[in-house]
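The next block is entry22.cif, given as mmCIF, C-alpha atoms.
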data_my_file
#
loop_
_atom_site.label_atom_id
_atom_site.label_comp_id
_atom_site.auth_asym_id
_atom_site.auth_seq_id
_atom_site.Cartn_x
_atom_site.Cartn_y
_atom_site.Cartn_z
CA MET B 28 9.04 26.79 -15.62
CA ILE B 29 8.04 24.47 -12.78
CA HIS B 30 9.83 25.28 -9.52
CA SER B 31 8.42 22.57 -7.24
CA VAL B 32 5.93 19.71 -7.13
CA THR B 33 4.25 18.36 -3.99
CA VAL B 34 2.85 14.83 -4.21
CA ARG B 35 0.54 13.17 -1.69
CA VAL B 36 0.33 9.37 -1.94
CA PRO B 37 -2.08 7.12 -0.01
CA ALA B 38 -1.16 4.06 2.01
CA THR B 39 -2.56 0.79 0.73
CA THR B 40 -3.85 -2.49 2.04
CA ALA B 41 -3.37 -5.60 -0.08
CA ASN B 42 -4.74 -9.15 -0.25
CA LEU B 43 -7.96 -8.52 1.74
CA GLY B 44 -8.04 -12.19 2.70
CA PRO B 45 -8.36 -14.40 -0.39
CA GLY B 46 -7.12 -11.74 -2.85
CA PHE B 47 -3.50 -12.78 -2.37
CA ASP B 48 -1.05 -10.74 -4.49
CA CYS B 49 -3.76 -9.39 -6.79
CA LEU B 50 -6.15 -7.18 -4.80
CA GLY B 51 -5.33 -3.85 -3.18
CA ALA B 52 -7.06 -0.70 -1.95
CA ALA B 53 -5.93 2.84 -1.20
CA LEU B 54 -6.60 4.24 2.27
CA THR B 55 -7.02 7.74 3.72
CA LEU B 56 -3.53 7.76 5.26
CA TYR B 57 -0.79 9.60 3.37
CA ASN B 58 2.90 10.23 2.80
CA GLN B 59 3.92 13.53 1.23
CA PHE B 60 6.86 14.29 -1.07
CA GLN B 61 8.03 17.69 -2.29
CA PHE B 62 10.46 18.05 -5.19
CA SER B 63 12.15 21.42 -5.73
CA SER B 64 14.26 21.97 -8.83
CA GLN B 65 17.03 24.48 -9.65
CA VAL B 66 18.63 24.03 -6.25
CA CYS B 67 21.95 25.83 -5.81
CA SER B 68 24.68 23.22 -6.15
CA SER B 69 26.35 24.44 -2.92
CA THR B 70 23.37 23.16 -0.92
CA LEU B 71 23.60 19.67 -2.37
CA ASP B 72 25.75 18.09 0.30
CA SER B 73 24.39 14.52 0.29
CA ALA B 74 26.29 11.56 -1.09
CA ALA B 75 24.40 11.78 -4.36
CA ASP B 76 25.58 14.66 -6.54
CA GLY B 77 22.61 16.84 -7.40
CA VAL B 78 20.17 15.73 -4.71
CA LYS B 79 19.45 16.87 -1.17
CA ILE B 80 16.94 14.79 0.82
CA THR B 81 15.30 15.64 4.12
CA VAL B 82 12.91 13.33 5.95
CA THR B 83 10.45 14.08 8.77
CA GLY B 84 7.65 12.13 10.42
CA LEU B 85 7.34 8.44 11.32
CA ASP B 86 10.56 6.41 11.17
CA ALA B 87 12.34 9.38 9.57
CA ASP B 88 15.68 8.42 11.11
CA ARG B 89 15.62 5.09 9.30
CA VAL B 90 15.26 6.48 5.78
CA THR B 91 18.41 6.94 3.70
CA THR B 92 19.10 10.43 2.39
CA ASP B 93 21.50 9.66 -0.43
CA GLU B 94 21.21 8.10 -3.90
CA ARG B 95 19.95 4.84 -2.35
CA ASN B 96 16.72 6.54 -1.27
CA LEU B 97 13.80 4.80 -2.98
CA VAL B 98 12.02 8.07 -3.77
CA TYR B 99 15.11 9.35 -5.56
CA GLN B 100 15.61 6.04 -7.39
CA ALA B 101 12.06 6.35 -8.73
CA PHE B 102 12.69 9.99 -9.61
CA VAL B 103 15.70 8.98 -11.70
CA LYS B 104 13.73 6.21 -13.48
CA VAL B 105 11.51 8.78 -15.15
CA TYR B 106 14.47 10.68 -16.59
CA GLU B 107 16.04 7.43 -17.75
CA LYS B 108 12.76 6.59 -19.47
CA ILE B 109 12.60 9.92 -21.33
CA GLY B 110 16.33 9.98 -22.10
CA GLN B 111 17.24 13.02 -20.03
CA ILE B 112 19.73 13.73 -17.25
CA PRO B 113 17.95 14.17 -13.90
CA PRO B 114 18.04 17.78 -12.70
CA ASN B 115 19.42 18.96 -9.39
CA VAL B 116 16.60 18.47 -6.92
CA ALA B 117 15.78 18.88 -3.24
CA ILE B 118 13.37 16.25 -1.93
CA ASP B 119 11.43 16.83 1.28
CA ILE B 120 9.68 13.71 2.58
CA HIS B 121 7.08 13.68 5.34
CA LEU B 122 6.00 10.22 6.52
CA ASN B 123 2.70 9.22 8.10
CA VAL B 124 2.77 5.61 6.85
CA PRO B 125 4.93 3.40 9.09
CA LEU B 126 7.64 1.22 7.57
CA ALA B 127 7.43 -2.60 7.39
CA ARG B 128 3.85 -2.80 8.59
CA GLY B 129 2.00 -4.07 5.50
CA LEU B 130 0.70 -0.65 4.43
CA GLY B 131 2.60 -0.12 1.17
CA SER B 132 5.19 2.35 2.44
CA SER B 133 7.58 1.40 -0.38
CA ALA B 134 4.76 1.84 -2.89
CA THR B 135 4.19 5.42 -1.70
CA ALA B 136 7.90 6.13 -2.19
CA ILE B 137 7.94 4.70 -5.70
CA VAL B 138 4.75 6.42 -6.78
CA GLY B 139 5.79 9.70 -5.15
CA GLY B 140 9.14 9.71 -6.92
CA LEU B 141 7.69 8.81 -10.31
CA VAL B 142 4.84 11.32 -10.19
CA GLY B 143 7.09 14.09 -8.88
CA ALA B 144 9.68 13.56 -11.59
CA ASN B 145 7.08 13.30 -14.33
CA GLN B 146 5.54 16.61 -13.35
CA LEU B 147 8.89 18.40 -12.99
CA ALA B 148 9.76 17.15 -16.47
CA GLY B 149 6.55 18.59 -17.92
CA ALA B 150 4.45 15.40 -17.77
CA PRO B 151 5.97 13.55 -20.76
CA LEU B 152 4.66 10.18 -19.52
CA THR B 153 1.03 9.06 -19.45
CA ILE B 154 -0.51 7.65 -16.28
CA GLU B 155 -0.25 4.18 -17.85
CA GLU B 156 3.46 4.63 -18.49
CA VAL B 157 3.99 5.81 -14.91
CA MET B 158 2.03 2.78 -13.72
CA HIS B 159 4.22 0.41 -15.74
CA LEU B 160 7.36 1.94 -14.24
CA ALA B 161 5.88 1.60 -10.75
CA ILE B 162 5.01 -2.07 -11.24
CA ALA B 163 8.45 -2.80 -12.67
CA MET B 164 10.13 -1.18 -9.65
CA GLU B 165 7.91 -2.81 -7.02
CA GLY B 166 7.78 -6.20 -8.76
CA HIS B 167 4.00 -6.59 -8.38
CA PRO B 168 1.01 -4.28 -8.76
CA ASP B 169 -1.22 -4.81 -5.72
CA ASN B 170 0.13 -1.81 -3.76
CA VAL B 171 1.54 0.59 -6.35
CA VAL B 172 -1.57 0.59 -8.55
CA PRO B 173 -4.09 1.78 -5.93
CA ALA B 174 -1.43 4.13 -4.52
CA LEU B 175 -1.21 5.73 -7.96
CA ILE B 176 -4.83 5.76 -9.12
CA GLY B 177 -6.81 5.17 -5.91
CA GLY B 178 -9.77 2.98 -5.08
CA CYS B 179 -9.80 -0.78 -4.83
CA ARG B 180 -8.12 -2.53 -7.76
CA ILE B 181 -7.61 -6.05 -9.00
CA ALA B 182 -4.56 -6.80 -11.12
CA VAL B 183 -4.56 -9.76 -13.51
CA SER B 184 -1.57 -10.89 -15.52
CA ASN B 185 -2.51 -11.43 -19.16
CA ASP B 186 0.75 -13.04 -20.16
CA ALA B 187 3.07 -15.81 -19.02
CA ALA B 188 5.69 -13.16 -18.27
CA TYR B 189 4.10 -12.52 -14.88
CA TYR B 190 6.41 -9.76 -13.76
CA GLU B 191 6.49 -7.78 -16.99
CA ALA B 192 4.88 -4.48 -16.02
CA SER B 193 3.06 -4.04 -19.33
CA ASN B 194 1.36 -7.43 -19.07
CA TRP B 195 -1.15 -6.48 -16.40
CA MET B 196 -4.84 -5.84 -16.75
CA ILE B 197 -6.01 -3.44 -14.03
CA CYS B 198 -9.70 -3.37 -13.13
CA PRO B 199 -11.64 -1.30 -10.58
CA VAL B 200 -13.47 -3.08 -7.76
CA ALA B 201 -16.57 -1.39 -6.38
CA TRP B 202 -16.33 -0.68 -2.64
CA HIS B 203 -19.61 0.15 -0.91
CA PRO B 204 -19.34 3.26 1.33
CA GLU B 205 -21.03 1.36 4.18
CA ILE B 206 -17.96 -0.89 4.52
CA VAL B 207 -15.51 0.83 6.86
CA PRO B 208 -11.83 -0.20 7.04
CA VAL B 209 -10.42 -0.22 10.58
CA LEU B 210 -6.64 -0.40 10.59
CA ALA B 211 -4.72 -1.78 13.57
CA ILE B 212 -0.99 -1.04 13.43
CA PRO B 213 1.05 -2.86 16.10
CA ASP B 214 4.32 -1.57 17.52
CA PHE B 215 6.42 -4.29 15.91
CA GLU B 216 7.53 -4.89 12.33
CA LEU B 217 7.31 -7.81 9.95
CA ALA B 218 9.56 -7.85 6.89
CA THR B 219 7.87 -8.95 3.67
CA GLU B 220 10.74 -11.35 3.02
CA THR B 221 10.12 -13.07 6.37
CA ALA B 222 6.39 -13.27 5.68
CA ARG B 223 7.09 -14.81 2.27
CA LYS B 224 9.35 -17.50 3.68
CA VAL B 225 6.62 -19.06 5.84
CA LEU B 226 4.39 -19.76 2.83
CA PRO B 227 4.36 -23.28 1.37
CA ALA B 228 5.65 -23.92 -2.13
CA ASN B 229 2.50 -25.82 -3.15
CA TYR B 230 -1.19 -25.87 -2.23
CA SER B 231 -3.86 -28.55 -2.38
CA ARG B 232 -6.67 -28.47 -4.89
CA ALA B 233 -9.12 -28.02 -2.01
CA ASP B 234 -7.32 -24.90 -0.80
CA VAL B 235 -7.23 -23.40 -4.29
CA ILE B 236 -10.95 -24.00 -4.75
CA PHE B 237 -11.63 -22.55 -1.29
CA ASN B 238 -9.80 -19.33 -2.12
CA THR B 239 -11.24 -19.03 -5.60
CA SER B 240 -14.82 -19.28 -4.34
CA ASN B 241 -14.20 -16.88 -1.46
CA PHE B 242 -12.53 -14.36 -3.74
CA GLY B 243 -15.51 -14.30 -6.06
CA LEU B 244 -17.83 -13.80 -3.12
CA LEU B 245 -15.58 -11.06 -1.71
CA LEU B 246 -15.93 -8.96 -4.86
CA LEU B 247 -19.72 -9.15 -4.63
CA ALA B 248 -19.69 -8.46 -0.88
CA LEU B 249 -17.53 -5.35 -1.27
CA GLU B 250 -19.90 -4.00 -3.91
CA THR B 251 -23.12 -4.67 -2.01
CA ALA B 252 -22.03 -4.39 1.68
CA ASN B 253 -23.73 -7.72 2.30
CA GLY B 254 -22.49 -8.55 5.79
CA ASP B 255 -23.34 -12.24 5.60
CA TRP B 256 -21.27 -12.56 2.44
CA LEU B 257 -18.36 -10.59 3.90
CA ARG B 258 -18.20 -12.80 7.00
CA VAL B 259 -17.60 -15.79 4.74
CA ALA B 260 -15.60 -14.16 1.95
CA MET B 261 -12.71 -12.84 4.07
CA ARG B 262 -11.48 -16.36 4.80
CA ASP B 263 -8.24 -17.52 3.22
CA ARG B 264 -6.01 -20.60 3.03
CA ILE B 265 -3.14 -19.26 0.93
CA HIS B 266 -1.25 -16.93 3.26
CA GLN B 267 -3.08 -16.03 6.48
CA PRO B 268 -2.92 -19.42 8.24
CA TYR B 269 0.87 -19.30 7.89
CA ARG B 270 1.55 -15.61 8.48
CA LYS B 271 -0.67 -15.31 11.54
CA THR B 272 1.93 -17.33 13.46
CA LEU B 273 4.25 -14.32 13.06
CA ILE B 274 1.71 -11.91 14.59
CA ALA B 275 1.39 -12.05 18.38
CA GLY B 276 -2.21 -12.29 19.59
CA TYR B 277 -3.70 -12.60 16.10
CA ASP B 278 -6.44 -15.12 16.93
CA MET B 279 -7.57 -13.28 20.06
CA VAL B 280 -7.65 -9.91 18.29
CA ARG B 281 -9.56 -11.32 15.35
CA GLN B 282 -12.20 -12.98 17.50
CA ALA B 283 -12.60 -9.94 19.76
CA ALA B 284 -13.11 -7.69 16.72
CA ILE B 285 -15.74 -10.03 15.28
CA ASN B 286 -17.49 -10.20 18.65
CA SER B 287 -17.65 -6.40 18.72
CA GLY B 288 -19.24 -6.11 15.29
CA ALA B 289 -16.58 -6.60 12.60
CA TYR B 290 -17.49 -8.70 9.59
CA GLY B 291 -13.99 -10.12 9.64
CA VAL B 292 -10.31 -9.41 10.16
CA VAL B 293 -7.49 -9.98 7.67
CA ILE B 294 -3.75 -9.37 7.53
CA SER B 295 -2.94 -6.17 5.65
CA GLY B 296 -0.39 -7.02 2.98
CA ALA B 297 2.32 -9.16 4.54
CA GLY B 298 1.45 -7.84 8.02
CA PRO B 299 1.69 -7.28 10.88
CA THR B 300 -1.03 -4.64 10.52
CA LEU B 301 -4.53 -6.07 10.74
CA LEU B 302 -7.52 -4.81 8.76
CA ALA B 303 -11.06 -5.17 10.09
CA LEU B 304 -14.05 -4.45 7.89
CA THR B 305 -17.21 -3.32 9.60
CA SER B 306 -20.29 -1.14 9.29
CA PRO B 307 -20.20 2.53 10.33
CA ASN B 308 -22.31 1.69 13.39
CA TYR B 309 -19.62 -0.56 14.89
CA ALA B 310 -16.41 1.05 13.64
CA THR B 311 -15.51 2.89 16.85
CA GLU B 312 -16.30 -0.11 19.06
CA VAL B 313 -14.28 -2.43 16.85
CA ALA B 314 -11.30 -0.05 16.98
CA THR B 315 -11.46 0.25 20.77
CA THR B 316 -11.79 -3.50 21.22
CA ILE B 317 -8.82 -4.30 18.99
CA ALA B 318 -6.57 -1.86 20.83
CA ALA B 319 -7.65 -3.18 24.25
CA THR B 320 -7.29 -6.84 23.25
CA TRP B 321 -3.83 -6.38 21.81
CA ASP B 322 -2.83 -4.39 24.88
CA GLN B 323 -3.82 -7.37 27.03
CA GLN B 324 -1.31 -9.40 25.00
CA GLY B 325 1.42 -6.87 25.70
CA VAL B 326 1.21 -5.30 22.25
CA LYS B 327 0.66 -1.58 21.79
CA ALA B 328 -1.25 -0.76 18.64
CA GLU B 329 -2.41 2.39 16.91
CA VAL B 330 -5.92 1.80 15.58
CA LYS B 331 -7.41 4.07 12.92
CA VAL B 332 -10.91 4.24 11.47
CA LEU B 333 -10.27 5.13 7.83
CA ALA B 334 -12.00 5.18 4.45
CA ILE B 335 -11.10 4.23 0.90
CA ASP B 336 -9.13 6.88 -0.98
CA HIS B 337 -10.55 7.16 -4.50
CA ALA B 338 -8.14 9.78 -5.84
CA GLY B 339 -4.75 8.09 -5.57
CA ALA B 340 -1.62 10.21 -5.90
CA LYS B 341 -2.42 13.92 -6.02
CA TYR B 342 0.04 16.65 -6.91
CA ASP B 343 0.33 20.44 -6.73
CA VAL B 344 2.66 22.32 -9.03
CA CYS B 345 4.36 25.58 -8.07
CA LEU B 346 5.65 27.68 -10.98
CA ASP B 347 8.88 29.64 -10.83
CA PRO B 348 7.83 33.25 -10.08
CA SER B 349 10.66 34.58 -12.23
#

Could you write out this structure as structure tokens?
Amino acid sequence: MIHSVTVRVPATTANLGPGFDCLGAALTLYNQFQFSSQVCSSTLDSAADGVKITVTGLDADRVTTDERNLVYQAFVKVYEKIGQIPPNVAIDIHLNVPLARGLGSSATAIVGGLVGANQLAGAPLTIEEVMHLAIAMEGHPDNVVPALIGGCRIAVSNDAAYYEASNWMICPVAWHPEIVPVLAIPDFELATETARKVLPANYSRADVIFNTSNFGLLLLALETANGDWLRVAMRDRIHQPYRKTLIAGYDMVRQAAINSGAYGVVISGAGPTLLALTSPNYATEVATTIAATWDQQGVKAEVKVLAIDHAGAKYDVCLDPS
């Protein structure tokens, strides 16, 4: 019998410029979730009967520890899917991915809860079924899919029912190892809802053509590490011109990063985190320049030189020694 499952889930970056709401990549930055079953009922003193949740790490004091916790909600979804009552469980959460920064923190919670529950239950669901549950919970696939299966992924709806989880075609996007993601996480938040509200309801034909052509070029540039193509392909007219107004110092940071060797800078997800793509030779300089430039604007930022995570959610199972 399985006693506990530990799940590690990568942060994600979505959009990558012109890939609005359809392109996402997993990064080497992780949240960890441990699920322990057969917990003595006397230790289950949270508001939700049968669950005890502890949280450590970044923003731990802001995470709910009762039945409203997103990890636990995802955990329960698996048992609803397989027609079983969720077992008593202790959930230990350790956070390295900051909240409300455009790095898919909610996606890690959803994927962590689903994968942990599926393994505790004996893995009754396939990876595709887990993916469908994740998309249904998140509402869109660009973060939860790479968080679950890793790499860079494009999600295409193959049906008019855009938000039906089973109506997505998921395809891998080749990412050349010579393209290094540099992540700049500022010390302020930006809610996705706020970032959505600044977007226009309609776009011109010229803007749609602009993004379509750049998106096609971006896919080729990521595969080949062609710097000239990347410098052009990271442009966007769908969300970045509007959302950058919510990010203090955006234009100065972007230009400084490019001047120090970055191919380009984009908003990660809904922001405010910025993502620079560069070659290995310039990664450290780009990171230092971004931090210094934002600091000049009165913004403290944590800047990380990362890589693409190709594994997605990984789990370790501990069997009951009895």

Selection dump of the PyMOL selection byres ((chain B and resi 258) around 10), as a list in words: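 Against this file, the PyMOL selection byres ((chain B and resi 258) around 10) returns the residues Leu245, Ala248, Asn253, Gly254, Asp255, Trp256, Leu257, Val259, Ala260, Met261, Arg262, Ile285, Ala289, Tyr290, Gly291, Val292, Leu304 and Thr305 of chain B.
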
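Residue membership of the PyMOL selection byres ((chain B and resi 216-232) around 8) in the shown file amounts to Leu126, Ala127, Arg128, Gly129, Pro213, Asp214, Phe215, Ala233, Asp234, Val235, Ile236, Ile265, His266, Tyr269, Arg270, Leu273, Ala297, Gly298 and Pro299 of chain B.
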
Selection result for the PyMOL selection byres ((chain B and resi 30-35) around 7) on this file, as a PyMOL selection string: chain B and resi 28-29+36-37+57-64+139+143+146-147+340-347

Interatomic distance (Å, one decimal) between CA of Val78 (chain B) and CA of Asn123 (chain B):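 If I compute the distance from CA of Val78 (chain B) to CA of Asn123 (chain B), I get 22.6 Å.
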
For Val171 (chain B): contacts at 8 Å, only C-alpha atoms, fewer than 2 positions along chain excluded, given as a PyMOL selection string: chain B and resi 131+134-135+137-138+158+161-162+165+167-169+173-175

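Of note, CA of His159 (chain B) and CA of Val200 (chain B) are spaced 19.7 Å apart.
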
Contacts of Ala275 (chain B) within 9 Å, all atoms listed in the file, excl. fewer than 6 positions in-chain, as a list in words: Pro299, Trp321, Gln324, Gly325 and Val326 of chain B

Interatomic distance, CA of Thr316 (chain B) to CA of Glu205 (chain B) (Å, one decimal):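 Between CA of Thr316 (chain B) and CA of Glu205 (chain B) the gap works out to 20.0 Å.
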
If I wrap all listed atoms of region 111-129 of chain B in a box with edges along x, y and z and add 6 Å on each side, what are its centre and edge lengths in Å to one decimal, as JSON?
{"center_x": 10.9, "center_y": 7.4, "center_z": -5.5, "size_x": 29.7, "size_y": 35.0, "size_z": 41.1}

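Closest to Ile181 (chain B) among B:Glu94, B:Asp48, B:Asp86, B:Asp263 is B:Asp48, based on all atoms listed in the file.
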
Surrounding residues of Gly140 (chain B) excluding itself and chain neighbours under 6 positions, 7 Å, only C-alpha atoms, as a list in words: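 Once the adjacent positions are removed, what remains is Val98, Tyr99, Ala101 and Phe102 of chain B.
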
Contacts of Val313 (chain B) within 10 Å, all atoms listed in the file, excl. fewer than 4 positions in-chain, as a PDB file with C-alpha atoms, keeping the file's coordinate frame:
ATOM      1  CA  VAL B 209     -10.420  -0.220  10.580  1.00  0.00           C
ATOM      2  CA  ALA B 283     -12.600  -9.940  19.760  1.00  0.00           C
ATOM      3  CA  ALA B 284     -13.110  -7.690  16.720  1.00  0.00           C
ATOM      4  CA  ILE B 285     -15.740 -10.030  15.280  1.00  0.00           C
ATOM      5  CA  ASN B 286     -17.490 -10.200  18.650  1.00  0.00           C
ATOM      6  CA  SER B 287     -17.650  -6.400  18.720  1.00  0.00           C
ATOM      7  CA  GLY B 288     -19.240  -6.110  15.290  1.00  0.00           C
ATOM      8  CA  ALA B 289     -16.580  -6.600  12.600  1.00  0.00           C
ATOM      9  CA  ALA B 303     -11.060  -5.170  10.090  1.00  0.00           C
ATOM     10  CA  LEU B 304     -14.050  -4.450   7.890  1.00  0.00           C
ATOM     11  CA  THR B 305     -17.210  -3.320   9.600  1.00  0.00           C
ATOM     12  CA  SER B 306     -20.290  -1.140   9.290  1.00  0.00           C
ATOM     13  CA  ASN B 308     -22.310   1.690  13.390  1.00  0.00           C
ATOM     14  CA  TYR B 309     -19.620  -0.560  14.890  1.00  0.00           C
ATOM     15  CA  ILE B 317      -8.820  -4.300  18.990  1.00  0.00           C
ATOM     16  CA  ALA B 318      -6.570  -1.860  20.830  1.00  0.00           C
ATOM     17  CA  ALA B 319      -7.650  -3.180  24.250  1.00  0.00           C
ATOM     18  CA  VAL B 330      -5.920   1.800  15.580  1.00  0.00           C
ATOM     19  CA  VAL B 332     -10.910   4.240  11.470  1.00  0.00           C
TER      20      VAL B 332
END

Of the listed residues B:Val103, B:Ala52, B:Ala41, B:Leu249, that which approaches Asp336 (chain B) most closely, counting all atoms listed in the file: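 Residue with the minimum atom-to-atom distance to Asp336 (chain B): B:Ala52.
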
Tell me, as a PDB file with C-alpha atoms, keeping the file's coordinate frame, which residues lie within 9 Å of Ile335 (chain B), counting all atoms listed in the file; anything in the same chain fewer than 5 positions away does not count.
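And here's result22.pdb as it stands now:
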ATOM      1  CA  ALA B  52      -7.060  -0.700  -1.950  1.00  0.00           C
ATOM      2  CA  ALA B  53      -5.930   2.840  -1.200  1.00  0.00           C
ATOM      3  CA  LEU B  54      -6.600   4.240   2.270  1.00  0.00           C
ATOM      4  CA  THR B  55      -7.020   7.740   3.720  1.00  0.00           C
ATOM      5  CA  GLY B 177      -6.810   5.170  -5.910  1.00  0.00           C
ATOM      6  CA  GLY B 178      -9.770   2.980  -5.080  1.00  0.00           C
ATOM      7  CA  CYS B 179      -9.800  -0.780  -4.830  1.00  0.00           C
ATOM      8  CA  TRP B 202     -16.330  -0.680  -2.640  1.00  0.00           C
ATOM      9  CA  PRO B 204     -19.340   3.260   1.330  1.00  0.00           C
ATOM     10  CA  VAL B 207     -15.510   0.830   6.860  1.00  0.00           C
ATOM     11  CA  PRO B 208     -11.830  -0.200   7.040  1.00  0.00           C
TER      12      PRO B 208
END

Pick from B:Thr81, B:Thr311, B:Ser240, B:Thr320 nearest to Asp278 (chain B), counting all atoms listed in the file: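 That would be B:Thr320, the residue with the smallest distance to Asp278 (chain B).
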
Residue with smallest distance to Ile212 (chain B) - pool B:Ile80, B:Ala314, B:Leu43, B:Leu301, counting only C-alpha atoms: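 Checking each of B:Ile80, B:Ala314, B:Leu43, B:Leu301 against Ile212 (chain B), counting only C-alpha atoms, the winner is B:Leu301.
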
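Minimum distance to Arg281 (chain B) across B:Thr300, B:Asn145, B:Asn238, B:Thr40 (counting only C-alpha atoms) occurs at B:Thr300.
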
Residue among B:Glu156, B:Glu329, B:Asp88, B:Asp322 lying closest to Ile109 (chain B), counting all atoms listed in the file: B:Glu156
